[in-house]
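K.L.:
My structure is below; once you've seen it, I'll send some questions.
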Amino acid sequence: MRDVTPNPATTVVVVTWRGAGHVTACLDALAAQTRPHRTLVVDNASDDGTAALLAAHPSKPRVLRLPRNTGYAGALAVAVKQLETPLMAWLNDDAEPEPGWLETLEDTLEKSPLAAAATALLVLPGGTVQSAGVRLTADGHGADLTEPTGEVFGFCGGAALLRVDALRAVGGVPAGFFCYYEDTDTAWRLRLAGWDVVAAPGARVRHAHGVSSKPGSVPFHRWNERNRLLMLLRCAPRGVALNQVARFAVLTAVLPLRGRPAAANFRFGLRCRVLAEVGARLPATLLARRRIGRRAALGRGAVWEAWAGVCQSGRK
């Protein structure tokens, strides 16, 4: 039955696109949560029968169907404008949270008043940990931590809980990213604004991972490479951002001399497209950088020095 709790703390936002094969299991897991909540499913114009499954599900989630596929980031950005609860959970449609998942996340944030986000523990079907949080590498990548740790730079957007007021105050979700790095970019902006991000390893989620966008595919690498550079141009110290864009461009330029690479992210054409897209978005990105800077309580350099290169075993 539909949740009738008048004032739950959290709206769980599930973004789906052609999720007929797995979204029912996700909703079943949400219906079994020990903590009352609202569920909002944002359907990215699915054409595989997903809409009928959502309408028929016993939990009767609220469904917002978009006219086109806006990606994970675009759908979350739309959802933020719809929320009336103080907390917002991000959840992939191929994820199945354990019954105490939301309760653990909410309790973690309640005990951490300086934290704006809590990241769950995502576990692959075989039992391997996919993400216990996100670290910031020395070259500005957001990388999943594969062991629970007391310190995380950011959260994995596949299953996390955020304070809505903090998210809105730092500019919401970067809708133009479409998919990938929207979580690490958001963590960057939260930290610049003076917020913390914490881990909740007891909030466990079984995650199929990559059902909608296959890891290793050309679109996967295009979005990852482009959005990492856009994130750095928006959030990182100027020297770091320019250095990483220059390194990417130089490596791209010499690739034709090295023969055809096996990895998609080292294909010349893909990387040229990434550079073209970054260039086309540069004016808007620099305007966003200025807005982010005006909202910041901490310097970009301070955040970078505190977190860049942090690894699973400690700080470099």
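Identifiers in this document derive from the order of the structure tokens: chains are assigned A, B, ..., residues are numbered from 1 separately in each chain, and ligands are numbered from 1 in order of occurrence.
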Please list as a list in words every residue within 12 Å of Ala302 (chain A), counting only C-alpha atoms and excluding residues in the same chain fewer than 4 positions away.
P.N.:
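Contacts, in chain order: Trp188, Arg191, Leu192, Ala193, Gly194, Cys235, Ala236, Pro237, Ala296, Ala297, Leu298, Ala306, Trp307 and Ala308 of chain A.
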K.L.:
Would you return as a PyMOL selection string the members of region 17-243 of chain A that DSSP assigns to helix (DSSP H, G or I) on this structure's backbone?
P.N.:
chain A and resi 23-31+50-56+71-80+101-110+164-169+175-177+182-192+218-235+238-243
K.L.:
Neighbouring residues of Val240 (chain A) were defined as those with any atom within 10 Å, considering only C-alpha atoms; residues of the same chain fewer than 4 positions away were excluded. Please report them as an MDAnalysis selection string.
P.N.:
chainID A and resid 138:140 232:233 235:236 244:246 301 304
K.L.:
Applying 10 Å and only C-alpha atoms, which residues near Asn69 (chain A) remain after dropping the ones on its own chain fewer than 6 positions away? List them as number ranges by chain.
P.N.:
A: 16-17, 43-46, 75, 178
K.L.:
Applying 12 Å and only C-alpha atoms, which residues near Arg38 (chain A) remain after dropping the ones on its own chain fewer than 6 positions away? List them as a count of residues only.
P.N.:
31
K.L.:
Please return as a PyMOL selection string: the residues of region 49-181 of chain A that backbone DSSP assigns to strand (DSSP E).
P.N.:
chain A and resi 62-65+87-92+95-97+115-123+129-131+134-136+142-144+159-163
K.L.:
Write the residues you've just listed into a file as a compact mmCIF listing (two decimals), in the first residue's frame, and include C-alpha atoms for each of them.
P.N.:
```
# COMPACT_ATOMS: atom_id res chain seq x y z
CA ARG A 62 4.68 8.68 -7.31
CA VAL A 63 5.88 8.61 -10.93
CA LEU A 64 7.21 11.56 -12.88
CA ARG A 65 7.54 10.59 -16.53
CA LEU A 87 16.12 14.56 2.96
CA MET A 88 16.55 13.04 -0.49
CA ALA A 89 17.89 9.58 -1.24
CA TRP A 90 19.47 8.80 -4.60
CA LEU A 91 18.91 5.20 -5.66
CA ASN A 92 19.68 3.39 -8.90
CA ALA A 95 19.75 -1.50 -6.68
CA GLU A 96 18.03 -3.47 -3.91
CA PRO A 97 18.60 -1.94 -0.47
CA ALA A 115 27.38 16.34 7.11
CA ALA A 116 25.20 17.05 4.09
CA ALA A 117 25.45 13.56 2.59
CA ALA A 118 25.87 9.96 3.71
CA THR A 119 27.02 7.22 1.35
CA ALA A 120 25.82 3.63 1.53
CA LEU A 121 27.75 0.40 0.98
CA LEU A 122 27.07 -0.94 -2.51
CA VAL A 123 27.75 -4.63 -3.00
CA VAL A 129 32.10 -4.35 -2.54
CA GLN A 130 31.55 -1.93 -5.41
CA SER A 131 31.64 1.27 -3.39
CA VAL A 134 34.39 7.94 -3.17
CA ARG A 135 37.95 9.21 -2.91
CA LEU A 136 39.54 12.00 -4.91
CA GLY A 142 36.50 10.23 -8.38
CA ALA A 143 37.30 6.61 -7.51
CA ASP A 144 35.22 4.11 -5.56
CA ALA A 159 22.70 4.87 -3.11
CA ALA A 160 23.12 7.89 -0.87
CA LEU A 161 21.18 10.30 1.34
CA LEU A 162 21.45 14.10 1.12
CA ARG A 163 20.08 17.13 2.93
```
K.L.:
Do you know which residues are at most 9 Å from Cys272 (chain A) counting only C-alpha atoms, after dropping those on the same chain fewer than 6 positions away, and could you put them as a list of chain:residue names?
P.N.:
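Residues meeting the cut-off are A:Ala249, A:Thr252, A:Ala253.
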K.L.:
Let me see the file: selected residues, N, CA, C and O atoms, as a PDB file, in the first residue's frame.
P.N.:
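Wrote it out as part.pdb, contents follow:
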```pdb
ATOM      1  N   ALA A 249      44.474  16.707 -23.514  1.00  0.00           N
ATOM      2  CA  ALA A 249      44.618  17.141 -24.907  1.00  0.00           C
ATOM      3  C   ALA A 249      45.932  16.648 -25.517  1.00  0.00           C
ATOM      4  O   ALA A 249      45.955  16.186 -26.673  1.00  0.00           O
ATOM      5  N   THR A 252      45.800  12.951 -26.168  1.00  0.00           N
ATOM      6  CA  THR A 252      44.940  12.720 -27.325  1.00  0.00           C
ATOM      7  C   THR A 252      45.699  12.982 -28.622  1.00  0.00           C
ATOM      8  O   THR A 252      45.586  12.213 -29.587  1.00  0.00           O
ATOM      9  N   ALA A 253      46.479  14.044 -28.641  1.00  0.00           N
ATOM     10  CA  ALA A 253      47.202  14.431 -29.854  1.00  0.00           C
ATOM     11  C   ALA A 253      48.228  13.387 -30.280  1.00  0.00           C
ATOM     12  O   ALA A 253      48.475  13.206 -31.476  1.00  0.00           O
TER      13      ALA A 253
END
```
K.L.:
Ranking A:Gly150, A:Gly127, A:Ser112, A:Ala73 by minimum distance to Asp183 (chain A) and counting only C-alpha atoms, which one comes first?
P.N.:
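So, comparing all the options, the nearest one is A:Ala73.
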K.L.:
Using only C-alpha atoms, pick whichever of A:Leu53, A:Gly176, A:Phe153, A:Lys111 has the shortest atom-to-atom distance to Thr70 (chain A).
P.N.:
A:Gly176
K.L.:
Could you jot down the CA of Asp185 (chain A) to CA of Arg267 (chain A) separation for me, Å, one decimal place?
P.N.:
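For CA of Asp185 (chain A) relative to CA of Arg267 (chain A), the distance reads 25.0 Å.
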K.L.:
Between A:Gly216, A:Pro125, A:Pro201, A:Gly259, which one has atoms that come closest to Phe155 (chain A), using only C-alpha atoms?
P.N.:
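Distance minimum relative to Phe155 (chain A) lands on A:Pro201.
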